[in-house]
file query-v4.cif (mmCIF, C-alpha atoms)
data_structure
#
loop_
_atom_site.label_atom_id
_atom_site.label_comp_id
_atom_site.auth_asym_id
_atom_site.auth_seq_id
_atom_site.Cartn_x
_atom_site.Cartn_y
_atom_site.Cartn_z
CA MET A 1 0.00 0.00 0.00
CA CYS A 2 1.93 3.03 1.26
CA PRO A 3 5.66 2.51 1.85
CA ALA A 4 6.08 5.28 4.42
CA SER A 5 4.81 4.92 7.98
CA ALA A 6 3.42 7.64 10.21
CA THR A 7 4.23 7.96 13.89
CA ILE A 8 0.78 7.62 15.39
CA GLN A 9 -0.25 6.49 18.86
CA ILE A 10 -3.51 4.51 18.90
CA GLY A 11 -5.50 3.62 22.01
CA VAL A 12 -8.63 1.45 21.97
CA GLU A 13 -11.43 0.79 24.45
CA THR A 14 -14.20 -1.74 23.72
CA GLU A 15 -17.60 -2.41 25.23
CA TYR A 16 -20.12 -5.20 24.66
CA LEU A 17 -23.69 -3.98 24.00
CA GLU A 18 -25.94 -6.71 25.37
CA GLU A 19 -29.13 -4.76 24.57
CA HIS A 20 -28.19 -4.73 20.86
CA SER A 21 -27.04 -8.36 20.75
CA SER A 22 -28.86 -11.67 20.28
CA GLU A 23 -27.13 -14.99 21.03
CA GLN A 24 -29.84 -17.02 19.26
CA ASP A 25 -29.37 -14.89 16.11
CA GLU A 26 -25.56 -15.02 16.45
CA GLN A 27 -25.30 -11.24 16.60
CA PHE A 28 -22.86 -9.84 19.13
CA THR A 29 -22.57 -6.05 19.06
CA PHE A 30 -19.54 -4.13 20.29
CA VAL A 31 -18.70 -0.46 20.50
CA TYR A 32 -15.07 0.59 20.16
CA THR A 33 -13.60 3.98 20.97
CA ILE A 34 -10.32 4.87 19.32
CA THR A 35 -8.02 7.70 20.31
CA ILE A 36 -5.41 8.65 17.71
CA THR A 37 -2.54 10.95 18.60
CA ASN A 38 -0.33 12.34 15.85
CA GLN A 39 3.23 12.19 17.22
CA ASN A 40 4.67 14.04 14.22
CA ASP A 41 5.47 17.76 14.11
CA ALA A 42 3.06 18.46 11.22
CA PRO A 43 -0.66 17.77 10.79
CA LEU A 44 -1.88 14.63 9.04
CA LYS A 45 -5.22 14.11 7.33
CA LEU A 46 -6.88 10.75 7.95
CA LEU A 47 -8.09 9.69 4.50
CA ARG A 48 -9.04 5.99 4.79
CA ARG A 49 -9.45 3.04 7.13
CA HIS A 50 -9.01 -0.66 6.44
CA TRP A 51 -10.19 -3.22 8.99
CA HIS A 52 -9.80 -7.00 9.30
CA ILE A 53 -12.55 -8.22 11.65
CA THR A 54 -12.26 -11.87 12.69
CA ASP A 55 -14.85 -13.70 14.78
CA GLY A 56 -14.26 -16.66 17.10
CA ASN A 57 -14.89 -19.11 14.24
CA GLY A 58 -12.04 -17.61 12.22
CA LYS A 59 -14.38 -15.89 9.73
CA THR A 60 -12.78 -12.63 8.60
CA ASN A 61 -14.53 -9.62 7.10
CA GLU A 62 -12.68 -6.71 5.55
CA VAL A 63 -14.07 -3.21 5.84
CA GLU A 64 -12.50 -0.40 3.88
CA GLY A 65 -13.64 3.13 3.29
CA GLU A 66 -13.03 6.84 3.47
CA GLY A 67 -12.20 8.44 6.80
CA VAL A 68 -13.81 7.43 10.08
CA VAL A 69 -17.45 7.92 11.13
CA GLY A 70 -18.14 10.00 8.04
CA LYS A 71 -15.19 12.36 8.54
CA GLN A 72 -11.68 12.81 7.20
CA PRO A 73 -10.23 14.61 10.21
CA THR A 74 -6.99 16.54 10.30
CA LEU A 75 -4.86 15.19 13.14
CA LYS A 76 -3.01 18.08 14.70
CA PRO A 77 0.44 17.43 16.20
CA LYS A 78 0.32 16.05 19.76
CA LYS A 79 -3.49 16.52 19.96
CA PRO A 80 -5.65 13.42 20.44
CA PHE A 81 -8.61 12.74 18.15
CA THR A 82 -11.25 10.34 19.49
CA TYR A 83 -14.13 8.63 17.74
CA THR A 84 -16.56 5.82 18.54
CA SER A 85 -17.98 3.23 16.17
CA SER A 86 -19.53 -0.23 16.39
CA VAL A 87 -19.26 -3.68 14.90
CA VAL A 88 -21.42 -6.82 14.91
CA ILE A 89 -19.85 -10.28 14.79
CA GLN A 90 -21.34 -13.80 14.94
CA THR A 91 -19.49 -15.03 18.03
CA PRO A 92 -19.03 -13.66 21.57
CA VAL A 93 -15.29 -13.19 20.97
CA GLY A 94 -13.40 -11.69 18.07
CA VAL A 95 -10.49 -9.48 17.08
CA MET A 96 -10.03 -6.36 14.96
CA GLU A 97 -6.90 -4.90 13.37
CA GLY A 98 -6.08 -2.82 10.37
CA ASN A 99 -4.53 0.44 9.21
CA TYR A 100 -5.21 4.09 8.50
CA THR A 101 -4.07 5.89 5.38
CA LEU A 102 -2.95 9.43 6.17
CA GLN A 103 -1.75 12.32 4.06
CA THR A 104 0.85 14.96 4.86
CA ASP A 105 0.49 18.64 3.92
CA ASN A 106 2.69 18.01 0.87
CA GLY A 107 0.49 15.12 -0.36
CA GLU A 108 2.65 12.18 0.75
CA LEU A 109 0.58 9.13 1.74
CA LEU A 110 1.47 7.31 4.96
CA SER A 111 0.21 4.11 6.52
CA ALA A 112 -0.42 3.74 10.27
CA PRO A 113 -1.05 0.21 11.54
CA ILE A 114 -3.90 -0.33 14.01
CA PRO A 115 -2.74 -3.01 16.46
CA ALA A 116 -5.05 -5.98 17.01
CA PHE A 117 -7.56 -5.62 19.82
CA ARG A 118 -10.04 -8.08 21.29
CA LEU A 119 -13.81 -7.95 21.24
CA ALA A 120 -15.20 -10.10 24.05
CA LYS A 121 -18.57 -10.51 25.70
CA PRO A 122 -18.03 -10.38 29.50
CA ASN A 123 -17.34 -13.79 31.03
CA SER A 124 -16.65 -15.35 27.61
CA LEU A 125 -12.96 -15.81 28.36
CA HIS A 126 -11.42 -17.46 31.36
#

call {"tool": "encode", "arguments": {"input": "query-v4.cif", "output": "structure tokens"}}
result
Amino acid sequence: MCPASATIQIGVETEYLEEHSSEQDEQFTFVYTITITNQNDAPLKLLRRHWHITDGNGKTNEVEGEGVVGKQPTLKPKKPFTYTSSVVIQTPVGVMEGNYTLQTDNGELLSAPIPAFRLAKPNSLH
């Protein structure tokens, strides 16, 4: 994809939404909140996201699209940007990982990996 890599700090918090889930229908809904901090000295525009979402059965879905939650935010240096989104998987446990495509002021495209994080219904893991 993009050969260069951006220095980005990514933090993730997840929450299981029982009221929007149905075990009998194999629909487990999770909310994830991501905080992205641009560690570079110049702003970066977040252009795209690419997710690999894998459920407990090993089924993987790819999600790719422009920006995040309908926006292509400019990440100012050292200032955190936070957004919340959701995902539905077919098992009570899964994992997400991926990358963001960012653009510098001079048009250079950079890739920032999103480390894998777990989605887990409470008491699903020992």

call {"tool": "atom_distance", "arguments": {"input": "query-v4.cif", "atom1": "atom CA of A:Asn106", "atom2": "atom CA of A:Glu66"}}
result
19.5 Å

call {"tool": "residues_around", "arguments": {"input": "query-v4.cif", "residues": "stretch 81-98 of chain A", "least_positions_apart": "5", "cutoff": "7 Å", "atoms": "only C-alpha atoms", "output": "number ranges by chain"}}
result
A: 26-37, 50-56, 69, 75, 113-121, 124

call {"tool": "resolve_selection", "arguments": {"input": "query-v4.cif", "expression": "the PyMOL selection byres ((chain A and resi 105) around 10)", "output": "PDB file with C-alpha atoms, in the frame of the given file"}}
result
ATOM      1  CA  ALA A  42       3.060  18.460  11.220  1.00  0.00           C
ATOM      2  CA  PRO A  43      -0.660  17.770  10.790  1.00  0.00           C
ATOM      3  CA  LEU A  44      -1.880  14.630   9.040  1.00  0.00           C
ATOM      4  CA  LYS A  45      -5.220  14.110   7.330  1.00  0.00           C
ATOM      5  CA  GLN A 103      -1.750  12.320   4.060  1.00  0.00           C
ATOM      6  CA  THR A 104       0.850  14.960   4.860  1.00  0.00           C
ATOM      7  CA  ASN A 106       2.690  18.010   0.870  1.00  0.00           C
ATOM      8  CA  GLY A 107       0.490  15.120  -0.360  1.00  0.00           C
ATOM      9  CA  GLU A 108       2.650  12.180   0.750  1.00  0.00           C
ATOM     10  CA  LEU A 109       0.580   9.130   1.740  1.00  0.00           C
TER      11      LEU A 109
END

call {"tool": "axis_aligned_box", "arguments": {"input": "query-v4.cif", "around": "stretch 44-56 of chain A", "padding_each_side": "3 Å", "output": "lines of an AutoDock Vina configuration file"}}
result
center_x = -8.4
center_y = -1.0
center_z = 10.8
size_x = 19.0
size_y = 37.3
size_z = 18.6

call {"tool": "closest_residue", "arguments": {"input": "query-v4.cif", "among": "A:Leu102, A:Val63, A:Val68, A:Leu17", "to": "A:Asn38", "atoms": "all atoms listed in the file"}}
result
A:Leu102

call {"tool": "atom_distance", "arguments": {"input": "query-v4.cif", "atom1": "atom CA of A:Glu62", "atom2": "atom CA of A:Pro122"}}
result
24.8 Å

call {"tool": "decode", "arguments": {"input": "query-v4.cif", "residues": "stretch 20-55 of chain A", "atoms": "N, CA, C and O atoms", "output": "PDB file, in the first residue's frame"}}
result
ATOM      1  N   HIS A  20     -28.165  -4.723  22.324  1.00  0.00           N
ATOM      2  CA  HIS A  20     -28.186  -4.726  20.860  1.00  0.00           C
ATOM      3  C   HIS A  20     -27.664  -6.048  20.289  1.00  0.00           C
ATOM      4  O   HIS A  20     -27.352  -6.123  19.100  1.00  0.00           O
ATOM      5  N   SER A  21     -27.567  -7.067  21.155  1.00  0.00           N
ATOM      6  CA  SER A  21     -27.041  -8.364  20.745  1.00  0.00           C
ATOM      7  C   SER A  21     -28.110  -9.437  20.907  1.00  0.00           C
ATOM      8  O   SER A  21     -29.070  -9.267  21.659  1.00  0.00           O
ATOM      9  N   SER A  22     -27.935 -10.547  20.190  1.00  0.00           N
ATOM     10  CA  SER A  22     -28.859 -11.669  20.277  1.00  0.00           C
ATOM     11  C   SER A  22     -28.070 -12.961  20.057  1.00  0.00           C
ATOM     12  O   SER A  22     -27.641 -13.240  18.934  1.00  0.00           O
ATOM     13  N   GLU A  23     -27.883 -13.728  21.155  1.00  0.00           N
ATOM     14  CA  GLU A  23     -27.133 -14.986  21.029  1.00  0.00           C
ATOM     15  C   GLU A  23     -27.806 -15.943  20.065  1.00  0.00           C
ATOM     16  O   GLU A  23     -27.135 -16.556  19.242  1.00  0.00           O
ATOM     17  N   GLN A  24     -29.146 -16.070  20.142  1.00  0.00           N
ATOM     18  CA  GLN A  24     -29.836 -17.016  19.264  1.00  0.00           C
ATOM     19  C   GLN A  24     -29.713 -16.631  17.794  1.00  0.00           C
ATOM     20  O   GLN A  24     -29.724 -17.488  16.919  1.00  0.00           O
ATOM     21  N   ASP A  25     -29.567 -15.342  17.490  1.00  0.00           N
ATOM     22  CA  ASP A  25     -29.375 -14.894  16.108  1.00  0.00           C
ATOM     23  C   ASP A  25     -27.897 -14.756  15.730  1.00  0.00           C
ATOM     24  O   ASP A  25     -27.573 -14.295  14.626  1.00  0.00           O
ATOM     25  N   GLU A  26     -27.016 -15.126  16.648  1.00  0.00           N
ATOM     26  CA  GLU A  26     -25.565 -15.021  16.449  1.00  0.00           C
ATOM     27  C   GLU A  26     -25.160 -13.604  16.043  1.00  0.00           C
ATOM     28  O   GLU A  26     -24.425 -13.391  15.081  1.00  0.00           O
ATOM     29  N   GLN A  27     -25.648 -12.639  16.806  1.00  0.00           N
ATOM     30  CA  GLN A  27     -25.299 -11.242  16.598  1.00  0.00           C
ATOM     31  C   GLN A  27     -24.785 -10.676  17.912  1.00  0.00           C
ATOM     32  O   GLN A  27     -25.551 -10.528  18.873  1.00  0.00           O
ATOM     33  N   PHE A  28     -23.509 -10.388  17.949  1.00  0.00           N
ATOM     34  CA  PHE A  28     -22.857  -9.836  19.132  1.00  0.00           C
ATOM     35  C   PHE A  28     -22.329  -8.452  18.764  1.00  0.00           C
ATOM     36  O   PHE A  28     -21.487  -8.323  17.866  1.00  0.00           O
ATOM     37  N   THR A  29     -22.858  -7.427  19.418  1.00  0.00           N
ATOM     38  CA  THR A  29     -22.567  -6.047  19.060  1.00  0.00           C
ATOM     39  C   THR A  29     -21.576  -5.440  20.047  1.00  0.00           C
ATOM     40  O   THR A  29     -21.753  -5.554  21.266  1.00  0.00           O
ATOM     41  N   PHE A  30     -20.573  -4.787  19.495  1.00  0.00           N
ATOM     42  CA  PHE A  30     -19.540  -4.132  20.293  1.00  0.00           C
ATOM     43  C   PHE A  30     -19.374  -2.685  19.828  1.00  0.00           C
ATOM     44  O   PHE A  30     -19.519  -2.380  18.650  1.00  0.00           O
ATOM     45  N   VAL A  31     -19.071  -1.835  20.782  1.00  0.00           N
ATOM     46  CA  VAL A  31     -18.699  -0.455  20.500  1.00  0.00           C
ATOM     47  C   VAL A  31     -17.206  -0.360  20.769  1.00  0.00           C
ATOM     48  O   VAL A  31     -16.699  -0.939  21.745  1.00  0.00           O
ATOM     49  N   TYR A  32     -16.483   0.351  19.912  1.00  0.00           N
ATOM     50  CA  TYR A  32     -15.067   0.594  20.161  1.00  0.00           C
ATOM     51  C   TYR A  32     -14.793   2.087  20.036  1.00  0.00           C
ATOM     52  O   TYR A  32     -15.322   2.755  19.165  1.00  0.00           O
ATOM     53  N   THR A  33     -13.996   2.577  20.969  1.00  0.00           N
ATOM     54  CA  THR A  33     -13.602   3.984  20.967  1.00  0.00           C
ATOM     55  C   THR A  33     -12.107   4.034  20.721  1.00  0.00           C
ATOM     56  O   THR A  33     -11.333   3.395  21.437  1.00  0.00           O
ATOM     57  N   ILE A  34     -11.726   4.778  19.700  1.00  0.00           N
ATOM     58  CA  ILE A  34     -10.316   4.868  19.319  1.00  0.00           C
ATOM     59  C   ILE A  34      -9.833   6.296  19.516  1.00  0.00           C
ATOM     60  O   ILE A  34     -10.507   7.247  19.107  1.00  0.00           O
ATOM     61  N   THR A  35      -8.688   6.402  20.154  1.00  0.00           N
ATOM     62  CA  THR A  35      -8.020   7.695  20.314  1.00  0.00           C
ATOM     63  C   THR A  35      -6.722   7.643  19.522  1.00  0.00           C
ATOM     64  O   THR A  35      -5.888   6.760  19.747  1.00  0.00           O
ATOM     65  N   ILE A  36      -6.593   8.576  18.577  1.00  0.00           N
ATOM     66  CA  ILE A  36      -5.415   8.647  17.707  1.00  0.00           C
ATOM     67  C   ILE A  36      -4.661   9.921  18.057  1.00  0.00           C
ATOM     68  O   ILE A  36      -5.253  11.001  18.078  1.00  0.00           O
ATOM     69  N   THR A  37      -3.362   9.776  18.329  1.00  0.00           N
ATOM     70  CA  THR A  37      -2.540  10.947  18.599  1.00  0.00           C
ATOM     71  C   THR A  37      -1.418  11.002  17.572  1.00  0.00           C
ATOM     72  O   THR A  37      -0.639  10.058  17.437  1.00  0.00           O
ATOM     73  N   ASN A  38      -1.360  12.096  16.848  1.00  0.00           N
ATOM     74  CA  ASN A  38      -0.331  12.339  15.848  1.00  0.00           C
ATOM     75  C   ASN A  38       0.955  12.742  16.576  1.00  0.00           C
ATOM     76  O   ASN A  38       1.018  13.807  17.170  1.00  0.00           O
ATOM     77  N   GLN A  39       1.967  11.912  16.534  1.00  0.00           N
ATOM     78  CA  GLN A  39       3.229  12.185  17.224  1.00  0.00           C
ATOM     79  C   GLN A  39       4.220  12.947  16.350  1.00  0.00           C
ATOM     80  O   GLN A  39       5.344  13.209  16.766  1.00  0.00           O
ATOM     81  N   ASN A  40       3.804  13.299  15.140  1.00  0.00           N
ATOM     82  CA  ASN A  40       4.669  14.038  14.221  1.00  0.00           C
ATOM     83  C   ASN A  40       4.583  15.533  14.519  1.00  0.00           C
ATOM     84  O   ASN A  40       3.728  15.985  15.276  1.00  0.00           O
ATOM     85  N   ASP A  41       5.449  16.319  13.896  1.00  0.00           N
ATOM     86  CA  ASP A  41       5.469  17.765  14.106  1.00  0.00           C
ATOM     87  C   ASP A  41       4.542  18.520  13.168  1.00  0.00           C
ATOM     88  O   ASP A  41       4.363  19.729  13.303  1.00  0.00           O
ATOM     89  N   ALA A  42       3.955  17.828  12.198  1.00  0.00           N
ATOM     90  CA  ALA A  42       3.063  18.461  11.222  1.00  0.00           C
ATOM     91  C   ALA A  42       1.719  17.739  11.239  1.00  0.00           C
ATOM     92  O   ALA A  42       1.638  16.567  11.602  1.00  0.00           O
ATOM     93  N   PRO A  43       0.649  18.419  10.827  1.00  0.00           N
ATOM     94  CA  PRO A  43      -0.657  17.770  10.792  1.00  0.00           C
ATOM     95  C   PRO A  43      -0.721  16.665   9.748  1.00  0.00           C
ATOM     96  O   PRO A  43       0.031  16.673   8.771  1.00  0.00           O
ATOM     97  N   LEU A  44      -1.622  15.725   9.966  1.00  0.00           N
ATOM     98  CA  LEU A  44      -1.885  14.632   9.035  1.00  0.00           C
ATOM     99  C   LEU A  44      -3.391  14.527   8.840  1.00  0.00           C
ATOM    100  O   LEU A  44      -4.153  14.634   9.799  1.00  0.00           O
ATOM    101  N   LYS A  45      -3.806  14.305   7.609  1.00  0.00           N
ATOM    102  CA  LYS A  45      -5.224  14.115   7.332  1.00  0.00           C
ATOM    103  C   LYS A  45      -5.505  12.626   7.234  1.00  0.00           C
ATOM    104  O   LYS A  45      -4.817  11.905   6.512  1.00  0.00           O
ATOM    105  N   LEU A  46      -6.503  12.156   7.977  1.00  0.00           N
ATOM    106  CA  LEU A  46      -6.880  10.746   7.950  1.00  0.00           C
ATOM    107  C   LEU A  46      -7.825  10.538   6.760  1.00  0.00           C
ATOM    108  O   LEU A  46      -8.951  11.010   6.771  1.00  0.00           O
ATOM    109  N   LEU A  47      -7.327   9.860   5.731  1.00  0.00           N
ATOM    110  CA  LEU A  47      -8.093   9.686   4.496  1.00  0.00           C
ATOM    111  C   LEU A  47      -8.949   8.428   4.482  1.00  0.00           C
ATOM    112  O   LEU A  47     -10.087   8.451   4.034  1.00  0.00           O
ATOM    113  N   ARG A  48      -8.363   7.283   4.933  1.00  0.00           N
ATOM    114  CA  ARG A  48      -9.040   5.993   4.794  1.00  0.00           C
ATOM    115  C   ARG A  48      -8.772   5.099   5.998  1.00  0.00           C
ATOM    116  O   ARG A  48      -7.795   5.291   6.715  1.00  0.00           O
ATOM    117  N   ARG A  49      -9.640   4.098   6.137  1.00  0.00           N
ATOM    118  CA  ARG A  49      -9.451   3.045   7.131  1.00  0.00           C
ATOM    119  C   ARG A  49      -9.608   1.702   6.433  1.00  0.00           C
ATOM    120  O   ARG A  49     -10.337   1.598   5.442  1.00  0.00           O
ATOM    121  N   HIS A  50      -8.924   0.703   6.955  1.00  0.00           N
ATOM    122  CA  HIS A  50      -9.007  -0.662   6.435  1.00  0.00           C
ATOM    123  C   HIS A  50      -8.974  -1.602   7.634  1.00  0.00           C
ATOM    124  O   HIS A  50      -7.986  -1.636   8.361  1.00  0.00           O
ATOM    125  N   TRP A  51     -10.061  -2.318   7.837  1.00  0.00           N
ATOM    126  CA  TRP A  51     -10.186  -3.223   8.986  1.00  0.00           C
ATOM    127  C   TRP A  51     -10.218  -4.681   8.542  1.00  0.00           C
ATOM    128  O   TRP A  51     -10.817  -5.008   7.516  1.00  0.00           O
ATOM    129  N   HIS A  52      -9.628  -5.542   9.376  1.00  0.00           N
ATOM    130  CA  HIS A  52      -9.803  -6.996   9.304  1.00  0.00           C
ATOM    131  C   HIS A  52     -10.514  -7.359  10.605  1.00  0.00           C
ATOM    132  O   HIS A  52      -9.952  -7.159  11.692  1.00  0.00           O
ATOM    133  N   ILE A  53     -11.736  -7.872  10.486  1.00  0.00           N
ATOM    134  CA  ILE A  53     -12.548  -8.225  11.650  1.00  0.00           C
ATOM    135  C   ILE A  53     -12.737  -9.735  11.626  1.00  0.00           C
ATOM    136  O   ILE A  53     -13.323 -10.276  10.682  1.00  0.00           O
ATOM    137  N   THR A  54     -12.225 -10.413  12.647  1.00  0.00           N
ATOM    138  CA  THR A  54     -12.261 -11.871  12.687  1.00  0.00           C
ATOM    139  C   THR A  54     -13.067 -12.330  13.886  1.00  0.00           C
ATOM    140  O   THR A  54     -12.795 -11.908  15.023  1.00  0.00           O
ATOM    141  N   ASP A  55     -14.061 -13.195  13.655  1.00  0.00           N
ATOM    142  CA  ASP A  55     -14.851 -13.701  14.777  1.00  0.00           C
ATOM    143  C   ASP A  55     -14.202 -14.955  15.365  1.00  0.00           C
ATOM    144  O   ASP A  55     -13.153 -15.411  14.880  1.00  0.00           O
TER     145      ASP A  55
END
